[in-house]
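J.: Structure: model.cif, mmCIF, C-alpha atoms.
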```cif
data_work
#
loop_
_atom_site.label_atom_id
_atom_site.label_comp_id
_atom_site.auth_asym_id
_atom_site.auth_seq_id
_atom_site.Cartn_x
_atom_site.Cartn_y
_atom_site.Cartn_z
CA MET A 1 10.17 -3.56 18.82
CA ARG A 2 10.93 0.07 18.31
CA PHE A 3 7.43 0.68 16.89
CA ALA A 4 5.78 -0.57 20.03
CA VAL A 5 7.92 1.80 22.05
CA ALA A 6 7.02 4.73 19.83
CA PHE A 7 3.31 3.96 20.04
CA VAL A 8 3.20 3.49 23.79
CA ALA A 9 5.14 6.71 24.22
CA ALA A 10 2.80 8.57 21.88
CA CYS A 11 -0.22 7.26 23.71
CA CYS A 12 1.07 8.14 27.18
CA ALA A 13 2.38 11.55 26.26
CA ALA A 14 -1.08 12.44 24.97
CA GLY A 15 -2.67 10.96 28.09
CA ALA A 16 -0.38 12.90 30.40
CA ALA A 17 -1.11 16.15 28.56
CA SER A 18 -4.83 15.60 29.06
CA GLY A 19 -4.38 15.02 32.82
CA GLY A 20 -7.30 16.84 34.43
CA GLY A 21 -9.75 15.98 31.67
CA ALA A 22 -11.53 19.35 31.69
CA ASN A 23 -8.89 20.92 29.43
CA ALA A 24 -10.80 22.66 26.63
CA GLN A 25 -8.18 21.77 24.02
CA ASP A 26 -8.36 18.08 24.90
CA SER A 27 -12.10 17.70 24.73
CA ILE A 28 -15.27 18.44 22.76
CA PRO A 29 -17.76 18.46 25.66
CA ALA A 30 -20.96 19.11 23.70
CA SER A 31 -22.75 16.62 21.44
CA LEU A 32 -22.31 17.45 17.75
CA THR A 33 -26.04 16.98 17.18
CA GLY A 34 -27.39 18.23 20.49
CA ALA A 35 -28.72 14.73 21.12
CA LYS A 36 -27.35 11.64 22.81
CA GLY A 37 -26.09 8.85 20.57
CA ASP A 38 -27.26 5.24 20.56
CA PRO A 39 -24.65 2.79 21.96
CA ALA A 40 -26.03 -0.22 20.05
CA ARG A 41 -25.76 1.58 16.75
CA GLY A 42 -22.31 2.78 17.83
CA ARG A 43 -21.13 -0.76 18.41
CA ALA A 44 -22.31 -1.76 14.95
CA ILE A 45 -20.35 1.14 13.43
CA VAL A 46 -17.18 0.32 15.38
CA THR A 47 -17.22 -3.31 14.26
CA ASN A 48 -18.10 -2.52 10.63
CA ARG A 49 -14.90 -2.66 8.59
CA GLN A 50 -16.28 -0.58 5.73
CA LEU A 51 -17.91 2.08 7.88
CA GLY A 52 -16.06 2.54 11.18
CA LEU A 53 -12.82 0.87 10.10
CA CYS A 54 -11.77 0.85 13.78
CA LEU A 55 -10.87 -2.86 13.84
CA LEU A 56 -8.39 -2.41 11.00
CA CYS A 57 -6.12 -0.85 13.62
CA HIS A 58 -7.67 -1.53 17.04
CA SER A 59 -8.66 -4.63 18.91
CA GLY A 60 -11.47 -4.51 21.42
CA PRO A 61 -13.99 -6.50 23.46
CA PHE A 62 -15.64 -8.04 20.38
CA PRO A 63 -15.25 -11.80 20.79
CA GLU A 64 -17.26 -12.48 17.62
CA GLU A 65 -14.92 -10.43 15.42
CA ARG A 66 -11.99 -12.25 13.85
CA PHE A 67 -8.92 -10.46 12.49
CA GLN A 68 -8.65 -7.39 14.68
CA GLY A 69 -5.73 -5.04 14.08
CA ASN A 70 -2.75 -4.39 16.35
CA LEU A 71 -1.65 -0.93 15.25
CA ALA A 72 -3.43 0.84 18.09
CA PRO A 73 -4.42 0.41 21.77
CA ASP A 74 -7.16 -2.09 22.68
CA LEU A 75 -10.48 -0.26 22.99
CA ALA A 76 -11.42 -2.13 26.19
CA GLY A 77 -11.61 0.38 29.04
CA ALA A 78 -11.60 3.43 26.71
CA GLY A 79 -14.69 4.75 28.55
CA LYS A 80 -12.79 4.64 31.83
CA ARG A 81 -9.57 6.18 30.48
CA TRP A 82 -11.29 9.08 28.76
CA SER A 83 -14.24 11.36 29.42
CA GLU A 84 -17.07 11.57 26.90
CA GLY A 85 -15.69 14.88 25.59
CA GLN A 86 -12.18 13.48 25.26
CA LEU A 87 -13.51 10.51 23.32
CA ARG A 88 -15.51 12.81 21.04
CA LEU A 89 -12.39 14.85 20.22
CA ARG A 90 -10.38 11.70 19.52
CA ILE A 91 -12.95 10.42 17.04
CA VAL A 92 -13.73 13.80 15.44
CA ASP A 93 -10.08 14.69 14.84
CA SER A 94 -7.36 12.67 16.54
CA SER A 95 -4.71 14.81 14.90
CA ARG A 96 -5.60 17.60 17.32
CA VAL A 97 -4.28 15.36 20.13
CA ASN A 98 -1.35 13.91 18.18
CA PRO A 99 -0.43 15.54 14.87
CA ALA A 100 1.57 12.45 13.84
CA THR A 101 -1.31 10.03 14.48
CA ILE A 102 -2.31 7.40 11.95
CA MET A 103 -5.90 7.45 13.25
CA PRO A 104 -8.16 9.05 10.63
CA SER A 105 -9.97 12.30 11.43
CA TYR A 106 -13.52 11.00 11.30
CA HIS A 107 -15.34 14.30 11.18
CA ARG A 108 -13.11 16.69 9.27
CA THR A 109 -13.18 17.50 5.56
CA ASP A 110 -10.48 20.11 5.07
CA GLY A 111 -6.72 19.84 4.72
CA PHE A 112 -6.74 16.54 2.80
CA THR A 113 -4.87 15.69 -0.41
CA ARG A 114 -6.14 13.73 -3.44
CA VAL A 115 -9.32 12.39 -1.84
CA ALA A 116 -11.15 9.95 -4.15
CA PRO A 117 -14.16 11.60 -5.84
CA ALA A 118 -16.70 9.43 -4.01
CA TRP A 119 -15.45 10.74 -0.63
CA ARG A 120 -14.55 14.31 -1.52
CA GLY A 121 -16.01 16.92 0.83
CA LYS A 122 -17.52 14.23 3.03
CA PRO A 123 -16.44 13.23 6.54
CA VAL A 124 -15.75 9.54 7.24
CA LEU A 125 -18.65 9.52 9.71
CA THR A 126 -21.64 11.85 10.00
CA ALA A 127 -22.33 13.80 13.19
CA ASP A 128 -25.05 11.28 14.12
CA GLN A 129 -22.66 8.39 13.64
CA ILE A 130 -19.96 10.13 15.71
CA GLU A 131 -22.43 10.51 18.58
CA ASP A 132 -23.40 6.83 18.33
CA VAL A 133 -19.73 5.78 18.46
CA VAL A 134 -19.01 8.10 21.41
CA ALA A 135 -22.07 6.78 23.27
CA PHE A 136 -20.82 3.24 22.74
CA LEU A 137 -17.21 3.97 23.76
CA THR A 138 -18.35 5.49 27.08
CA THR A 139 -19.85 2.07 27.90
CA LEU A 140 -16.42 0.37 27.60
CA ARG A 141 -15.57 0.67 31.27
CA ASP A 142 -13.44 -2.42 31.86
CA MET B 1 7.92 15.01 23.19
CA VAL B 2 11.10 13.24 22.13
CA ALA B 3 9.08 10.06 21.74
CA LEU B 4 6.41 11.87 19.71
CA ALA B 5 9.04 13.28 17.39
CA GLY B 6 10.43 9.77 17.02
CA ALA B 7 7.00 8.50 16.02
CA SER B 8 6.41 11.21 13.45
CA PHE B 9 9.84 11.04 11.86
CA ALA B 10 10.35 7.31 12.00
CA GLY B 11 12.38 7.15 8.84
CA GLU B 12 13.56 4.70 6.28
CA ILE B 13 14.01 1.05 7.11
CA PRO B 14 17.72 0.32 7.69
CA GLN B 15 19.18 -1.84 4.89
CA ALA B 16 19.84 -4.76 7.23
CA GLU B 17 16.18 -4.84 8.36
CA ARG B 18 14.64 -4.97 4.92
CA ARG B 19 12.39 -7.97 4.26
CA SER B 20 10.62 -9.09 1.15
CA GLY B 21 6.87 -9.57 1.56
CA TYR B 22 7.73 -13.23 0.99
CA GLU B 23 9.34 -13.49 4.41
CA LEU B 24 6.18 -12.27 6.13
CA MET B 25 3.90 -14.79 4.40
CA SER B 26 2.60 -18.06 5.82
CA ARG B 27 4.61 -21.21 5.22
CA GLU B 28 1.95 -22.50 2.82
CA THR B 29 2.04 -19.36 0.66
CA ARG B 30 5.83 -19.38 0.60
CA ALA B 31 5.79 -23.04 -0.46
CA MET B 32 3.37 -22.16 -3.26
CA GLN B 33 5.76 -19.50 -4.58
CA ASP B 34 8.81 -21.75 -4.24
CA ASP B 35 7.40 -24.71 -6.15
CA ASP B 36 7.18 -23.96 -9.88
CA THR B 37 4.58 -26.71 -10.31
CA ALA B 38 2.34 -25.14 -7.62
CA ASN B 39 2.99 -21.46 -8.38
CA PRO B 40 0.01 -20.21 -10.44
CA GLY B 41 2.21 -17.42 -11.84
CA MET B 42 4.19 -20.01 -13.78
CA LEU B 43 1.20 -20.52 -16.11
CA ALA B 44 1.57 -16.91 -17.18
CA VAL B 45 5.32 -17.34 -17.61
CA LEU B 46 4.61 -20.30 -19.87
CA GLU B 47 2.07 -18.31 -21.84
CA GLY B 48 4.62 -15.49 -22.08
CA SER B 49 7.22 -17.80 -23.57
CA ALA B 50 4.73 -18.79 -26.29
CA LEU B 51 3.95 -15.12 -27.02
CA TRP B 52 7.68 -14.38 -27.14
CA ALA B 53 7.98 -16.67 -30.14
CA ARG B 54 4.76 -15.62 -31.91
CA LYS B 55 5.04 -13.41 -34.98
CA THR B 56 2.73 -10.41 -34.90
CA GLY B 57 2.05 -7.02 -36.47
CA ALA B 58 2.76 -5.54 -39.89
CA GLY B 59 6.41 -6.59 -39.76
CA GLY B 60 5.46 -10.18 -38.97
CA ARG B 61 8.16 -10.40 -36.33
CA ALA B 62 8.30 -12.08 -32.97
CA CYS B 63 10.14 -10.80 -29.91
CA ALA B 64 12.44 -13.77 -30.41
CA ASP B 65 13.33 -12.67 -33.96
CA CYS B 66 15.16 -9.67 -32.56
CA HIS B 67 16.01 -10.74 -29.01
CA GLY B 68 16.72 -14.44 -29.53
CA ASP B 69 16.68 -16.62 -26.44
CA ALA B 70 15.15 -14.59 -23.62
CA ARG B 71 17.09 -16.58 -21.05
CA ALA B 72 20.21 -14.86 -22.35
CA SER B 73 18.98 -11.55 -23.79
CA MET B 74 16.54 -10.71 -20.95
CA LYS B 75 18.68 -12.01 -18.11
CA GLY B 76 18.51 -9.51 -15.25
CA VAL B 77 16.75 -6.84 -17.33
CA ALA B 78 13.71 -6.51 -15.04
CA ALA B 79 15.99 -5.80 -12.06
CA ARG B 80 16.85 -2.38 -13.52
CA TYR B 81 13.34 -1.21 -14.48
CA PRO B 82 11.80 1.40 -14.54
CA ALA B 83 14.67 2.61 -16.74
CA TYR B 84 15.29 5.97 -18.35
CA ASP B 85 14.20 6.21 -21.98
CA ALA B 86 16.34 8.76 -23.79
CA THR B 87 13.75 9.38 -26.52
CA LEU B 88 10.81 9.91 -24.17
CA LYS B 89 13.07 11.67 -21.64
CA ARG B 90 11.46 9.86 -18.72
CA PRO B 91 11.62 6.49 -16.99
CA VAL B 92 9.45 3.71 -18.42
CA ASN B 93 8.45 0.58 -16.54
CA LEU B 94 8.78 -2.93 -17.94
CA GLU B 95 5.22 -3.04 -19.28
CA GLN B 96 5.75 0.26 -21.10
CA ARG B 97 9.11 -0.96 -22.44
CA ILE B 98 7.47 -4.08 -23.85
CA ASN B 99 4.69 -1.99 -25.38
CA LEU B 100 7.29 0.29 -27.01
CA CYS B 101 8.65 -2.77 -28.80
CA ARG B 102 5.10 -3.79 -29.72
CA THR B 103 4.21 -0.45 -31.28
CA GLU B 104 7.56 0.64 -32.72
CA ARG B 105 9.28 -2.61 -33.65
CA GLN B 106 6.33 -4.87 -34.35
CA GLN B 107 3.85 -2.27 -35.64
CA SER B 108 1.26 -3.86 -33.36
CA PRO B 109 -1.23 -2.05 -31.14
CA ALA B 110 -0.10 -1.55 -27.52
CA LEU B 111 -1.39 -4.15 -25.08
CA ALA B 112 -3.72 -2.88 -22.35
CA TYR B 113 -2.54 -2.80 -18.74
CA GLU B 114 -3.59 -5.94 -16.85
CA SER B 115 -4.44 -7.70 -20.12
CA ARG B 116 -3.56 -11.35 -20.05
CA GLU B 117 -0.99 -10.94 -22.83
CA LEU B 118 0.87 -8.01 -21.30
CA LEU B 119 0.98 -9.69 -17.89
CA ALA B 120 2.24 -12.90 -19.49
CA LEU B 121 5.00 -11.17 -21.48
CA THR B 122 6.02 -9.10 -18.45
CA ALA B 123 6.08 -12.17 -16.21
CA TYR B 124 8.16 -14.04 -18.79
CA VAL B 125 10.70 -11.24 -19.15
CA ALA B 126 10.86 -10.62 -15.38
CA ARG B 127 11.23 -14.35 -14.71
CA GLN B 128 14.61 -14.09 -16.45
CA ALA B 129 15.72 -11.82 -13.59
CA ARG B 130 14.75 -14.18 -10.78
CA GLY B 131 17.47 -14.08 -8.14
CA VAL B 132 19.11 -10.98 -9.65
CA PRO B 133 19.58 -8.07 -7.21
CA ILE B 134 17.57 -4.94 -7.98
CA ASP B 135 19.82 -2.23 -9.35
CA ILE B 136 18.35 1.15 -10.24
CA PRO B 137 21.06 3.47 -11.48
CA VAL B 138 20.50 7.03 -10.31
CA ASP B 139 21.89 9.90 -12.32
CA ALA B 140 21.04 13.51 -13.03
CA ARG B 141 18.34 12.44 -15.50
CA THR B 142 16.50 10.03 -13.18
CA GLN B 143 17.00 11.91 -9.90
CA PRO B 144 14.00 14.29 -10.29
CA PHE B 145 11.66 11.34 -10.99
CA LEU B 146 13.02 9.42 -8.03
CA ASP B 147 12.58 12.47 -5.80
CA ARG B 148 8.96 12.86 -6.86
CA GLY B 149 8.30 9.19 -6.18
CA ARG B 150 9.87 9.51 -2.74
CA ALA B 151 7.77 12.60 -1.97
CA ALA B 152 4.61 10.71 -2.96
CA PHE B 153 5.56 7.82 -0.67
CA TYR B 154 5.88 10.12 2.34
CA ARG B 155 2.83 12.31 1.52
CA ARG B 156 -0.37 11.80 3.47
CA GLN B 157 -3.29 11.42 1.10
CA GLY B 158 -6.87 10.30 0.74
CA GLN B 159 -9.79 10.66 3.11
CA LEU B 160 -7.96 8.49 5.67
CA ASN B 161 -5.00 10.88 5.37
CA LEU B 162 -2.28 8.22 5.45
CA ALA B 163 1.13 8.13 3.79
CA CYS B 164 2.50 4.91 2.32
CA SER B 165 5.38 5.25 4.79
CA GLN B 166 3.09 5.28 7.82
CA CYS B 167 2.16 1.68 7.09
CA HIS B 168 5.17 0.35 5.20
CA ASP B 169 8.06 2.05 7.06
CA ASP B 170 6.55 2.66 10.49
CA ASN B 171 4.21 -0.30 11.01
CA TRP B 172 5.46 -3.19 8.90
CA GLY B 173 5.08 -6.57 10.55
CA ARG B 174 1.95 -5.44 12.41
CA ARG B 175 -1.57 -6.47 11.51
CA LEU B 176 -4.04 -4.26 9.68
CA ALA B 177 -7.12 -6.32 10.57
CA GLY B 178 -6.10 -9.77 9.28
CA ASN B 179 -3.29 -8.64 6.95
CA THR B 180 0.34 -8.43 7.96
CA ILE B 181 1.71 -5.12 6.66
CA PRO B 182 4.73 -5.81 4.43
CA GLN B 183 7.55 -3.35 3.74
CA ALA B 184 6.26 -2.80 0.18
CA HIS B 185 9.25 -4.08 -1.76
CA PRO B 186 8.25 -4.75 -5.37
CA THR B 187 10.34 -7.90 -5.69
CA GLY B 188 7.75 -10.30 -7.09
CA TYR B 189 5.85 -8.48 -9.84
CA PRO B 190 3.76 -9.31 -11.66
CA VAL B 191 2.50 -11.35 -8.69
CA TYR B 192 -0.19 -13.93 -8.33
CA ARG B 193 -2.30 -12.51 -5.52
CA LEU B 194 -4.55 -15.01 -3.74
CA GLU B 195 -7.10 -12.27 -3.02
CA TRP B 196 -7.30 -11.43 -6.75
CA GLN B 197 -7.15 -15.06 -7.80
CA SER B 198 -5.09 -13.79 -10.71
CA LEU B 199 -1.83 -12.27 -11.77
CA GLY B 200 -1.54 -8.49 -11.42
CA SER B 201 0.98 -5.74 -12.02
CA LEU B 202 2.70 -3.59 -9.41
CA GLN B 203 0.46 -0.72 -10.48
CA ARG B 204 -2.63 -2.79 -9.71
CA ARG B 205 -1.21 -3.41 -6.23
CA LEU B 206 -0.49 0.31 -5.74
CA ARG B 207 -4.01 1.19 -6.84
CA ASN B 208 -5.35 -1.22 -4.19
CA CYS B 209 -3.45 0.65 -1.48
CA LEU B 210 -4.58 4.04 -2.82
CA VAL B 211 -8.21 2.92 -2.90
CA GLY B 212 -7.76 1.55 0.64
CA ILE B 213 -6.85 4.98 1.99
CA ARG B 214 -9.65 6.48 -0.12
CA ALA B 215 -7.29 8.44 -2.34
CA GLU B 216 -7.89 9.00 -6.03
CA PRO B 217 -5.94 6.26 -7.81
CA TYR B 218 -3.70 7.37 -10.69
CA GLU B 219 -4.44 6.00 -14.13
CA TYR B 220 -2.47 2.96 -15.22
CA GLY B 221 0.79 4.14 -16.76
CA ALA B 222 0.48 7.66 -15.32
CA PRO B 223 3.85 9.36 -14.72
CA GLU B 224 3.12 9.51 -10.98
CA MET B 225 2.70 5.72 -10.91
CA VAL B 226 5.99 5.13 -12.69
CA GLU B 227 7.70 7.55 -10.27
CA LEU B 228 6.34 5.58 -7.31
CA GLU B 229 7.50 2.32 -8.94
CA LEU B 230 10.94 3.83 -9.51
CA PHE B 231 11.20 4.91 -5.87
CA LEU B 232 10.02 1.51 -4.58
CA MET B 233 12.53 -0.32 -6.77
CA TRP B 234 15.33 2.00 -5.67
CA ARG B 235 14.25 1.52 -2.05
CA ALA B 236 14.55 -2.26 -2.61
CA ARG B 237 17.98 -1.97 -4.27
CA GLY B 238 20.08 -5.07 -3.71
CA MET B 239 17.06 -7.30 -2.97
CA ALA B 240 16.50 -10.25 -5.31
CA ILE B 241 13.73 -10.39 -7.94
CA GLU B 242 11.28 -13.24 -7.19
CA THR B 243 8.94 -13.09 -10.20
CA PRO B 244 6.47 -14.66 -10.36
CA GLY B 245 5.78 -13.93 -6.69
CA VAL B 246 2.74 -15.18 -4.79
CA ARG B 247 1.11 -12.87 -2.24
CA PRO B 248 -1.90 -13.23 0.09
#
```
Represent the structure from my file as structure tokens, please.

T.:
Amino acid sequence: MRFAVAFVAACCAAGAASGGGANAQDSIPASLTGAKGDPARGRAIVTNRQLGLCLLCHSGPFPEERFQGNLAPDLAGAGKRWSEGQLRLRIVDSSRVNPATIMPSYHRTDGFTRVAPAWRGKPVLTADQIEDVVAFLTTLRD
Amino acid sequence: MVALAGASFAGEIPQAERRSGYELMSRETRAMQDDDTANPGMLAVLEGSALWARKTGAGGRACADCHGDARASMKGVAARYPAYDATLKRPVNLEQRINLCRTERQQSPALAYESRELLALTAYVARQARGVPIDIPVDARTQPFLDRGRAAFYRRQGQLNLACSQCHDDNWGRRLAGNTIPQAHPTGYPVYRLEWQSLGSLQRRLRNCLVGIRAEPYEYGAPEMVELELFLMWRARGMAIETPGVRP
């Protein structure tokens, strides 16, 4: 399928650009809260379809979860493919890695159009929640 | 970079690859749509045929008093809606067209969107277009409305910052959690949606998608909604009307 090709290409182009991993533009090295997140809470957010929404698009190592999406790479091994800072950037604002991405910017509030009143001015996830998700993703090593 | 550009500008679906949502449904759901005795939308069509013949309003007239047998007078009509209304100087959708007859020809109050009666009348009229290819004539008067609908379809919006096209052009056939993403062709409306357990209009469906991406939904009947409907119908030109459709 031509979509699959486009997605794989988009994924690998971004990966290649990040290469060394220490690239400042490809990473947010510091915690948003100054504290370490909680991986267990992060897992609960990732698998929650109203909160994290991740499984609408991604699949992952969550055998108990039915109906996982296939619009995005499997999350298994994400903690091996990406450093903690790279993961943080991808959750905070994936559009900084790939402007054409369909992945929501989870911790950005500007530059949006016609946001529903209940969500206006609010990020999808709070800084604490971002840190929990990042802490969980770093544990996905195989 | 070439691949990235391809992903961001993945354009319209080629005519030959267009698929009704029907084709992406399970065999059971397709069978439910195909069999008039199992299709729950047929109850509304039946109710619509009764309303068609019922006298109402100050004039005491029924739709049938002016339009006669709907099987003849309404044949194929739904396939060319939304249609330009010369008096209002804008396109009106089928529900609005029916309500214009209610208020102006029957001196009856307009029926509310998603009311049982309006859905039934719309389903009955649209049923008379089943199998008829969608044909939206574009001319200088309708072009600006069509262009605005197209722009809305390709505009990212809502907190999730997604454009309709990013799901329905670029990712159709894939799974958003448990749901197969269709191409968004409005061939079956009003449809009986299993998730709603009721009949609903195209605008109700569009509001669902807008709420899903956390965008502010337009009011029922808002010009922006009719523009989107017009664009979707134009985009589905040549595809056959299926009303009453069944969808998951």

J.: Written as a list in words, which residues does the PyMOL selection byres ((chain A) within 6 of (chain B)) give for the file shown?

T.: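 On the file shown, the PyMOL selection byres ((chain A) within 6 of (chain B)) covers Ala6, Ala9, Ala10, Leu56, Cys57, Phe67, Gln68, Gly69, Asn70, Ala100, Pro104, Thr113, Arg114, Val115 and Ala116 of chain A.
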
J.: Measure the distance from atom CA of Gly111 of chain A to atom CA of Asn98 of chain A in Å and round it to one decimal.

T.: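 Computed distance, atom CA of Gly111 of chain A to atom CA of Asn98 of chain A, equals 15.7 Å.
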
J.: Which residues of segment 61-86 of chain A come within 12 Å of segment 25-44 of chain A, and what is each one's closest atom pair and distance in Å (one decimal), counting all atoms listed in the file, sorted by chain and residue number, as JSON lines?

T.:
```
{"residue": "A:Pro61", "atom": "CA", "partner": "A:Arg43", "partner_atom": "CA", "distance": 10.5}
{"residue": "A:Phe62", "atom": "CA", "partner": "A:Arg43", "partner_atom": "CA", "distance": 9.3}
{"residue": "A:Glu65", "atom": "CA", "partner": "A:Ala44", "partner_atom": "CA", "distance": 11.4}
{"residue": "A:Leu75", "atom": "CA", "partner": "A:Arg43", "partner_atom": "CA", "distance": 11.6}
{"residue": "A:Trp82", "atom": "CA", "partner": "A:Ser27", "partner_atom": "CA", "distance": 9.5}
{"residue": "A:Ser83", "atom": "CA", "partner": "A:Ser27", "partner_atom": "CA", "distance": 8.2}
{"residue": "A:Glu84", "atom": "CA", "partner": "A:Pro29", "partner_atom": "CA", "distance": 7.0}
{"residue": "A:Gly85", "atom": "CA", "partner": "A:Pro29", "partner_atom": "CA", "distance": 4.1}
{"residue": "A:Gln86", "atom": "CA", "partner": "A:Ser27", "partner_atom": "CA", "distance": 4.3}
```

J.: Could you state which residues are captured by the PyMOL selection byres ((chain B and resi 24-29) around 12) in this file, as a PyMOL selection string?

T.: chain B and resi 18-23+30-35+38-40+172-175+179-185+192-194+245-248

J.: Separation of atom CA of Trp52 of chain B and atom CA of Ala120 of chain B, in Å?

T.: 9.5 Å

J.: If we count all atoms listed in the file and set the cut-off at 7 Å, which residues sit around Ser94 of chain A, ignoring sequence neighbours fewer than 4 positions away in its own chain? Please answer as a VMD selection string.

T.: chain A and resid 89 to 90 98 101 103 to 105

J.: Please produce a file of the residues just selected, as a CSV table (one decimal), keeping the file's coordinate frame, where the atoms kept are C-alpha atoms.

T.:
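Final output, saved to result-v1.csv:
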```
chain,number,residue,atom,x,y,z
A,89,LEU,CA,-12.4,14.8,20.2
A,90,ARG,CA,-10.4,11.7,19.5
A,98,ASN,CA,-1.4,13.9,18.2
A,101,THR,CA,-1.3,10.0,14.5
A,103,MET,CA,-5.9,7.4,13.2
A,104,PRO,CA,-8.2,9.0,10.6
A,105,SER,CA,-10.0,12.3,11.4
```

J.: Please expand the PyMOL selection byres ((chain A and resi 130) around 9) into the concrete residues it hits in this file, giving the result as a list in words.

T.: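 Checked against the file, the PyMOL selection byres ((chain A and resi 130) around 9) matches Leu32, Gly37, Gly42, Arg88, Ile91, Val92, Tyr106, His107, Leu125, Thr126, Ala127, Asp128, Gln129, Glu131, Asp132, Val133, Val134 and Ala135 of chain A.
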
J.: Between atom CA of Glu227 of chain B and atom CA of Ser95 of chain A, measure the distance and give it in Å to one decimal.

T.: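 If I compute the distance from atom CA of Glu227 of chain B to atom CA of Ser95 of chain A, I get 29.0 Å.
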
J.: Nearest to Val124 of chain A among A:Ala78, A:Ile102, A:Val97, A:Leu53, with distances taken over all atoms listed in the file: which residue is it?

T.: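 Smallest separation from Val124 of chain A among the options: A:Leu53.
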
J.: Name all residues at most 10 Å from Leu46 of chain B (count only C-alpha atoms; drop same-chain ones fewer than 4 positions away) and give them as a list in words.

T.: Gly41, Met42, Ala50, Leu51, Trp52, Ala120, Leu121, Ala123 and Tyr124 of chain B

J.: I'd like the neighbourhood of Ala126 of chain B as a ChimeraX atom specification, where a residue qualifies if any of its atoms comes within 10 Å (using all atoms listed in the file), though same-chain residues fewer than 2 positions away should be ignored.

T.: /B:45,74-79,81,94,120-124,128-130,188-190,241-244

J.: Between B:Lys89, B:Phe231, B:Arg97, B:Tyr220, which one has atoms that come closest to Asp147 of chain B, using only C-alpha atoms?

T.: B:Phe231

J.: Using all atoms listed in the file, pick whichever of B:Cys66, B:Ala222, B:Leu232, B:Ile134 has the shortest atom-to-atom distance to Arg54 of chain B.

T.: B:Cys66

J.: Excluding same-chain residues fewer than 4 positions from Pro144 of chain B, what lies within 12 Å of it counting only C-alpha atoms, as a PDB file with C-alpha atoms, in the coordinates of the input?

T.:
```pdb
ATOM      1  CA  TYR B  84      15.290   5.970 -18.350  1.00  0.00           C
ATOM      2  CA  LYS B  89      13.070  11.670 -21.640  1.00  0.00           C
ATOM      3  CA  ARG B  90      11.460   9.860 -18.720  1.00  0.00           C
ATOM      4  CA  PRO B  91      11.620   6.490 -16.990  1.00  0.00           C
ATOM      5  CA  VAL B 138      20.500   7.030 -10.310  1.00  0.00           C
ATOM      6  CA  ASP B 139      21.890   9.900 -12.320  1.00  0.00           C
ATOM      7  CA  ALA B 140      21.040  13.510 -13.030  1.00  0.00           C
ATOM      8  CA  ARG B 148       8.960  12.860  -6.860  1.00  0.00           C
ATOM      9  CA  GLY B 149       8.300   9.190  -6.180  1.00  0.00           C
ATOM     10  CA  ARG B 150       9.870   9.510  -2.740  1.00  0.00           C
ATOM     11  CA  ALA B 151       7.770  12.600  -1.970  1.00  0.00           C
ATOM     12  CA  GLU B 224       3.120   9.510 -10.980  1.00  0.00           C
ATOM     13  CA  GLU B 227       7.700   7.550 -10.270  1.00  0.00           C
ATOM     14  CA  LEU B 228       6.340   5.580  -7.310  1.00  0.00           C
ATOM     15  CA  LEU B 230      10.940   3.830  -9.510  1.00  0.00           C
ATOM     16  CA  PHE B 231      11.200   4.910  -5.870  1.00  0.00           C
TER      17      PHE B 231
END
```

J.: Within 8 Å of segment 99-107 of chain B, counting only C-alpha atoms, which residues qualify if same-chain residues fewer than 5 places away don't, as a ChimeraX atom specification?

T.: /B:56-62
